[in-house]
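Asker: I have a structure I would like to understand better, so I am pasting it below and will then ask my questions one at a time.
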Amino acid sequence: MTDKEKIEQLESQVKDLTEKLAMALKLLEQKSIQKDSSNSSKPPSQDSFKKRTASLRKKSTKKSGGQPGHKGSSLKMSSTPDEIISLRPSYCTKCGQSISSENLIFKSKRQVVDLPSITPFVKEYHQYEAQCQCGCHQEAHYPNNVSNHIQYGENIEALIGYLSVAQYLPYNRIKSLFKDAFSLHLSEGTIDNKLNSLYKKALPYHSKLREKLEKSTKPVGADETSCRVNGDNFWSWVWQNEDYCYITISNNRGSATIDQHFPNGFPCATLSSDRWAAQLKTKAKKHQICIAHILRELNYLEAAEKHSFTIHLRELLHRAIQLKREVDVSKYGDHSTQKLENELNVLLQETIPNDSCDKTAKLQRSLIKHREAVFPFLYEQKLSFENNASERAIRNVKLKMKVSGMFKTGYPIYAVLKSMTETLKKKGESILEAFITLASLKIPIAE
């Protein structure tokens with residue numbers, strides 16, 4: 001081998017090693033960029049501890065707090081106080097003479113809002129019988145909800161449901177609250193029985209919610225998240241729109257759960273979701289993928305792979321969102337939307353190298369596959385570009401587990417009753433009043 005050939009061979013080896021080193025450094029840099037809630041679908045609870053970044057907001061000249069013209073709110077005095085305590089001077093502090101009530105003049109008033117002492121209220125029923133002149137014995141009947149010689153009433157049942165479902169309290173804390181606040185010693189068995197009673201009464205309402213969503217013409221959002229049941233991995237599912245919310249818990253994350261609860265899909269509504277395959281296979285008039293999820297993913301890809309596709313796609317999506325926020329759907333012309341559609345088509349045709357930008361290329365392929373689900377929000381007034389309402393509804397399951405621990409056997413109870421409370425929250429109705437109504441067997445109907 002000549003010296004020239006040796007030099008060429010060494011140069012070739014150096015070139016190969018340089019390319020491999022560059023690739024290794026890029027992979028190392030990508031691994032150093034950790035995924036969190038700001039650049040992926042990971043929840044904030046899984047974020048690692050890190051130094052807070054400085055706020056991007058500019059310093060304002062305004063003082064903190066309410067601004068001029070802001071409508072404030074404060075505790076208002078009652079026009080019908082439950083008790084009036086008159087404070088009258090009885091003698092003069094200077095000379096010691098007694099003061100006649102005839103000389104009293106009303107000067108001012110103050111009020112204190114408090115709670116009365118809460119003690120159990122025992123209601124006793126006396127049953128009587130009588131003999132008719134014809135010889136027949138007649139006896140009065142107890143109310144339908146009075147079935148034992150002693151039992152807890154409807155208000156206690158309602159409060160147990162409210163504390164467990166709306167306030168996420170576990171059984172032992174419900175026991176403690178009733179003992180400390182009401183001097184009532186409930187057993188965990190009693191709490192479980194009362195929740196089961198509420199669950200059975202709410203089942204028709206739960207079915208009605210499913211029917212309402214299935215026939216909805218308004219956009220429907222869907223989401224799912226993992227939850228633990230007796231140490232096993234289950235999945236909590238939610239389907240909701242601006243009026244109703246339906247929650248269920250299943251041991252399956254696939255299409256089987258969707259087919260079980262919504263076999264007909266949503267033929268009259270656009271379904272919003274992330275890009276989970278089972279959600280996108282659901283029958284619906286249209287599909288809308290969550291743009292907020294894509295923007296978070298772009299945060300990661302922009303830092304990890306630094307391809308121009310991510311920058312251009314981010315800018316395009318932000319312009320689409322701005323158009324949606326600032327202009328009524330019926331008022332912006334075809335030119336505005338067509339320009340965005342054309343730009344997206346061009347981006348999706350861009351060549352992205354799989355070897356160095358495999359995750360960016362994967363996102364591009366996903367958007368090509370679900371191209372028709374990117375911009376439906378531009379054409380439907382009530383359709384959002386994000387799926388935050390579904391994520392908020394499903395987050396309640398995570399919160400329940402953080403407070404109470406994993407589910408044992410009560411997960412169907414929680415799903416049914418939480419569907420009711422989330423629906424009532426959308427309607428601005430009192431959740432505690434709803435539990436009182438439910439406990440009294442006057443089951444509300446989803447209208």
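Naming works like this for the structure tokens: A, B, ... for the chains as they're shown, residue 1 at the start of each chain, ligands 1 onward in shown order.
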May I have the residues within 12 Å of Ala277 (chain A) as a list in words, using only C-alpha atoms and disregarding those fewer than 6 positions away in the same chain?

Answerer: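 Close residues of Ala277 (chain A): Asp223, Glu224, Arg253, Gly254, Ser255, Ile258, His287, Ile289, Ser366, Lys369 and His370 of chain A.
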
Asker: Filtering to C-alpha atoms, could you give me those residues as an mmCIF file, in the first residue's frame?

Answerer:
```cif
data_model
loop_
_atom_site.group_PDB
_atom_site.id
_atom_site.type_symbol
_atom_site.label_atom_id
_atom_site.label_comp_id
_atom_site.auth_asym_id
_atom_site.auth_seq_id
_atom_site.Cartn_x
_atom_site.Cartn_y
_atom_site.Cartn_z
ATOM 1 C CA ASP A 223 -59.760 11.364 27.494
ATOM 2 C CA GLU A 224 -58.421 8.463 29.529
ATOM 3 C CA ARG A 253 -57.538 1.028 27.435
ATOM 4 C CA GLY A 254 -58.561 -0.155 23.977
ATOM 5 C CA SER A 255 -61.607 0.160 21.761
ATOM 6 C CA ILE A 258 -65.529 2.611 23.921
ATOM 7 C CA HIS A 287 -62.412 14.197 14.816
ATOM 8 C CA ILE A 289 -56.917 16.222 17.730
ATOM 9 C CA SER A 366 -48.948 11.089 12.513
ATOM 10 C CA LYS A 369 -52.380 10.154 8.866
ATOM 11 C CA HIS A 370 -54.814 12.373 10.775
#
```

Asker: Would you return as a compact mmCIF listing (two decimals) with C-alpha atoms, in the first residue's frame the members of region 3-205 of chain A that DSSP assigns to strand (DSSP E) on this structure's backbone?

Answerer:
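Listed below is the output, part.txt:
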```txt
# COMPACT_ATOMS: atom_id res chain seq x y z
CA GLU A 129 -103.29 0.41 64.81
CA ALA A 130 -107.03 0.41 65.22
CA GLN A 131 -109.95 -1.98 64.87
CA HIS A 137 -107.56 -4.39 62.11
CA GLN A 138 -105.85 -1.41 60.42
CA GLU A 139 -102.36 -0.12 61.08
```

Asker: Looking at only C-alpha atoms, which of A:Glu302, A:Asp232, A:Glu297, A:Glu429 is the one that sits closest to Lys408 (chain A)?

Answerer: A:Asp232

Asker: Could you check the closest approach to Lys107 (chain A) for each of A:Thr93, A:Ser86, A:Gln381, A:Thr409 and tell me which residue wins, using only C-alpha atoms?

Answerer: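 Checking each candidate against Lys107 (chain A), we get A:Ser86 as the closest.
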
Asker: Once DSSP has gone over the backbone, tell me which residues of region 169-388 of chain A are in alpha helix (DSSP H), as an MDAnalysis selection string.

Answerer: chainID A and resid 171:182 188:214 255:261 277:280 291:304 308:326 334:348 358:369 388

Asker: Keeping only C-alpha atoms, write those residues as an mmCIF file, in the first residue's frame.

Answerer:
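Final output, again_6.cif:
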```cif
data_model
loop_
_atom_site.group_PDB
_atom_site.id
_atom_site.type_symbol
_atom_site.label_atom_id
_atom_site.label_comp_id
_atom_site.auth_asym_id
_atom_site.auth_seq_id
_atom_site.Cartn_x
_atom_site.Cartn_y
_atom_site.Cartn_z
ATOM 1 C CA TYR A 171 -63.506 6.415 54.728
ATOM 2 C CA ASN A 172 -61.347 7.000 57.822
ATOM 3 C CA ARG A 173 -61.460 10.783 57.415
ATOM 4 C CA ILE A 174 -65.229 10.718 56.907
ATOM 5 C CA LYS A 175 -65.465 8.729 60.157
ATOM 6 C CA SER A 176 -63.302 11.298 61.953
ATOM 7 C CA LEU A 177 -65.306 14.239 60.654
ATOM 8 C CA PHE A 178 -68.650 12.765 61.752
ATOM 9 C CA LYS A 179 -67.207 11.899 65.166
ATOM 10 C CA ASP A 180 -65.610 15.312 65.779
ATOM 11 C CA ALA A 181 -68.232 17.561 64.193
ATOM 12 C CA PHE A 182 -71.486 15.688 64.849
ATOM 13 C CA GLU A 188 -66.713 2.005 57.496
ATOM 14 C CA GLY A 189 -69.407 -0.549 56.679
ATOM 15 C CA THR A 190 -72.090 2.112 57.152
ATOM 16 C CA ILE A 191 -70.215 4.533 54.895
ATOM 17 C CA ASP A 192 -69.844 1.832 52.246
ATOM 18 C CA ASN A 193 -73.545 0.924 52.447
ATOM 19 C CA LYS A 194 -74.623 4.557 52.082
ATOM 20 C CA LEU A 195 -72.377 5.074 49.047
ATOM 21 C CA ASN A 196 -73.780 1.892 47.501
ATOM 22 C CA SER A 197 -77.291 3.196 48.104
ATOM 23 C CA LEU A 198 -76.488 6.485 46.344
ATOM 24 C CA TYR A 199 -74.819 4.574 43.507
ATOM 25 C CA LYS A 200 -77.910 2.441 42.831
ATOM 26 C CA LYS A 201 -80.162 5.501 42.870
ATOM 27 C CA ALA A 202 -77.847 7.360 40.461
ATOM 28 C CA LEU A 203 -77.523 4.559 37.873
ATOM 29 C CA PRO A 204 -80.549 5.716 35.808
ATOM 30 C CA TYR A 205 -79.079 9.226 35.760
ATOM 31 C CA HIS A 206 -75.714 7.840 34.627
ATOM 32 C CA SER A 207 -77.387 5.987 31.741
ATOM 33 C CA LYS A 208 -79.263 9.151 30.784
ATOM 34 C CA LEU A 209 -75.978 11.070 30.606
ATOM 35 C CA ARG A 210 -74.577 8.490 28.194
ATOM 36 C CA GLU A 211 -77.660 8.773 25.972
ATOM 37 C CA LYS A 212 -77.477 12.571 25.986
ATOM 38 C CA LEU A 213 -73.825 12.559 24.916
ATOM 39 C CA GLU A 214 -74.373 9.911 22.254
ATOM 40 C CA SER A 255 -61.607 0.160 21.761
ATOM 41 C CA ALA A 256 -63.478 -2.490 23.777
ATOM 42 C CA THR A 257 -64.332 0.065 26.477
ATOM 43 C CA ILE A 258 -65.529 2.611 23.921
ATOM 44 C CA ASP A 259 -67.622 -0.006 22.114
ATOM 45 C CA GLN A 260 -69.176 -1.073 25.408
ATOM 46 C CA HIS A 261 -70.340 2.412 26.389
ATOM 47 C CA ALA A 277 -55.552 5.202 18.465
ATOM 48 C CA ALA A 278 -58.661 3.916 20.260
ATOM 49 C CA GLN A 279 -60.069 7.450 20.524
ATOM 50 C CA LEU A 280 -59.415 8.218 16.859
ATOM 51 C CA ILE A 291 -53.499 21.082 19.346
ATOM 52 C CA ALA A 292 -52.245 21.884 22.861
ATOM 53 C CA HIS A 293 -50.735 18.373 23.017
ATOM 54 C CA ILE A 294 -48.948 18.960 19.716
ATOM 55 C CA LEU A 295 -47.560 22.312 20.884
ATOM 56 C CA ARG A 296 -46.148 20.683 24.034
ATOM 57 C CA GLU A 297 -44.588 17.948 21.934
ATOM 58 C CA LEU A 298 -43.048 20.602 19.685
ATOM 59 C CA ASN A 299 -41.380 22.126 22.761
ATOM 60 C CA TYR A 300 -39.497 18.886 23.262
ATOM 61 C CA LEU A 301 -38.693 18.268 19.576
ATOM 62 C CA GLU A 302 -37.458 21.817 19.072
ATOM 63 C CA ALA A 303 -34.985 21.395 21.925
ATOM 64 C CA ALA A 304 -34.013 17.796 21.157
ATOM 65 C CA SER A 308 -37.018 23.728 11.145
ATOM 66 C CA PHE A 309 -40.267 21.745 10.734
ATOM 67 C CA THR A 310 -41.034 22.159 14.435
ATOM 68 C CA ILE A 311 -40.529 25.948 14.348
ATOM 69 C CA HIS A 312 -42.672 26.414 11.243
ATOM 70 C CA LEU A 313 -45.429 24.105 12.524
ATOM 71 C CA ARG A 314 -45.531 25.901 15.877
ATOM 72 C CA GLU A 315 -45.855 29.295 14.173
ATOM 73 C CA LEU A 316 -48.610 27.968 11.892
ATOM 74 C CA LEU A 317 -50.626 26.476 14.741
ATOM 75 C CA HIS A 318 -50.339 29.672 16.792
ATOM 76 C CA ARG A 319 -51.689 31.695 13.855
ATOM 77 C CA ALA A 320 -54.618 29.289 13.541
ATOM 78 C CA ILE A 321 -55.359 29.592 17.264
ATOM 79 C CA GLN A 322 -55.132 33.387 17.085
ATOM 80 C CA LEU A 323 -57.603 33.438 14.188
ATOM 81 C CA LYS A 324 -60.000 31.254 16.186
ATOM 82 C CA ARG A 325 -59.753 33.469 19.265
ATOM 83 C CA GLU A 326 -59.995 36.860 17.604
ATOM 84 C CA ASP A 334 -62.280 31.300 3.040
ATOM 85 C CA HIS A 335 -58.958 32.947 2.182
ATOM 86 C CA SER A 336 -57.849 32.980 5.843
ATOM 87 C CA THR A 337 -58.467 29.290 6.420
ATOM 88 C CA GLN A 338 -57.307 28.183 2.978
ATOM 89 C CA LYS A 339 -53.954 29.881 3.489
ATOM 90 C CA LEU A 340 -53.449 27.956 6.732
ATOM 91 C CA GLU A 341 -54.558 24.695 5.114
ATOM 92 C CA ASN A 342 -52.141 25.173 2.203
ATOM 93 C CA GLU A 343 -49.217 25.981 4.501
ATOM 94 C CA LEU A 344 -49.908 22.853 6.541
ATOM 95 C CA ASN A 345 -49.991 20.732 3.384
ATOM 96 C CA VAL A 346 -46.598 22.106 2.332
ATOM 97 C CA LEU A 347 -45.115 21.396 5.770
ATOM 98 C CA LEU A 348 -46.385 17.830 5.746
ATOM 99 C CA ASP A 358 -36.787 10.333 13.953
ATOM 100 C CA LYS A 359 -39.226 11.771 16.532
ATOM 101 C CA THR A 360 -39.954 14.829 14.375
ATOM 102 C CA ALA A 361 -40.504 12.555 11.377
ATOM 103 C CA LYS A 362 -42.831 10.405 13.498
ATOM 104 C CA LEU A 363 -44.921 13.460 14.411
ATOM 105 C CA GLN A 364 -45.102 14.450 10.752
ATOM 106 C CA ARG A 365 -46.310 10.959 9.772
ATOM 107 C CA SER A 366 -48.948 11.089 12.513
ATOM 108 C CA LEU A 367 -50.251 14.451 11.265
ATOM 109 C CA ILE A 368 -50.341 13.155 7.697
ATOM 110 C CA LYS A 369 -52.380 10.154 8.866
ATOM 111 C CA ASN A 388 -58.581 20.784 28.470
#
```

Asker: Give the answer as one residue: which of A:Leu186, A:Ile7, A:Cys245, A:Cys134 has the shortest atom-to-atom distance to Gln151 (chain A), using only C-alpha atoms?

Answerer: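 For Gln151 (chain A), the nearest of the given residues is A:Leu186.
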
Asker: So, with only C-alpha atoms as the atoms that count, which of A:Lys382, A:Ser390, A:Leu163, A:Asn251 lies closest to Asp274 (chain A)?

Answerer: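 Among the listed residues, A:Ser390 lies closest to Asp274 (chain A).
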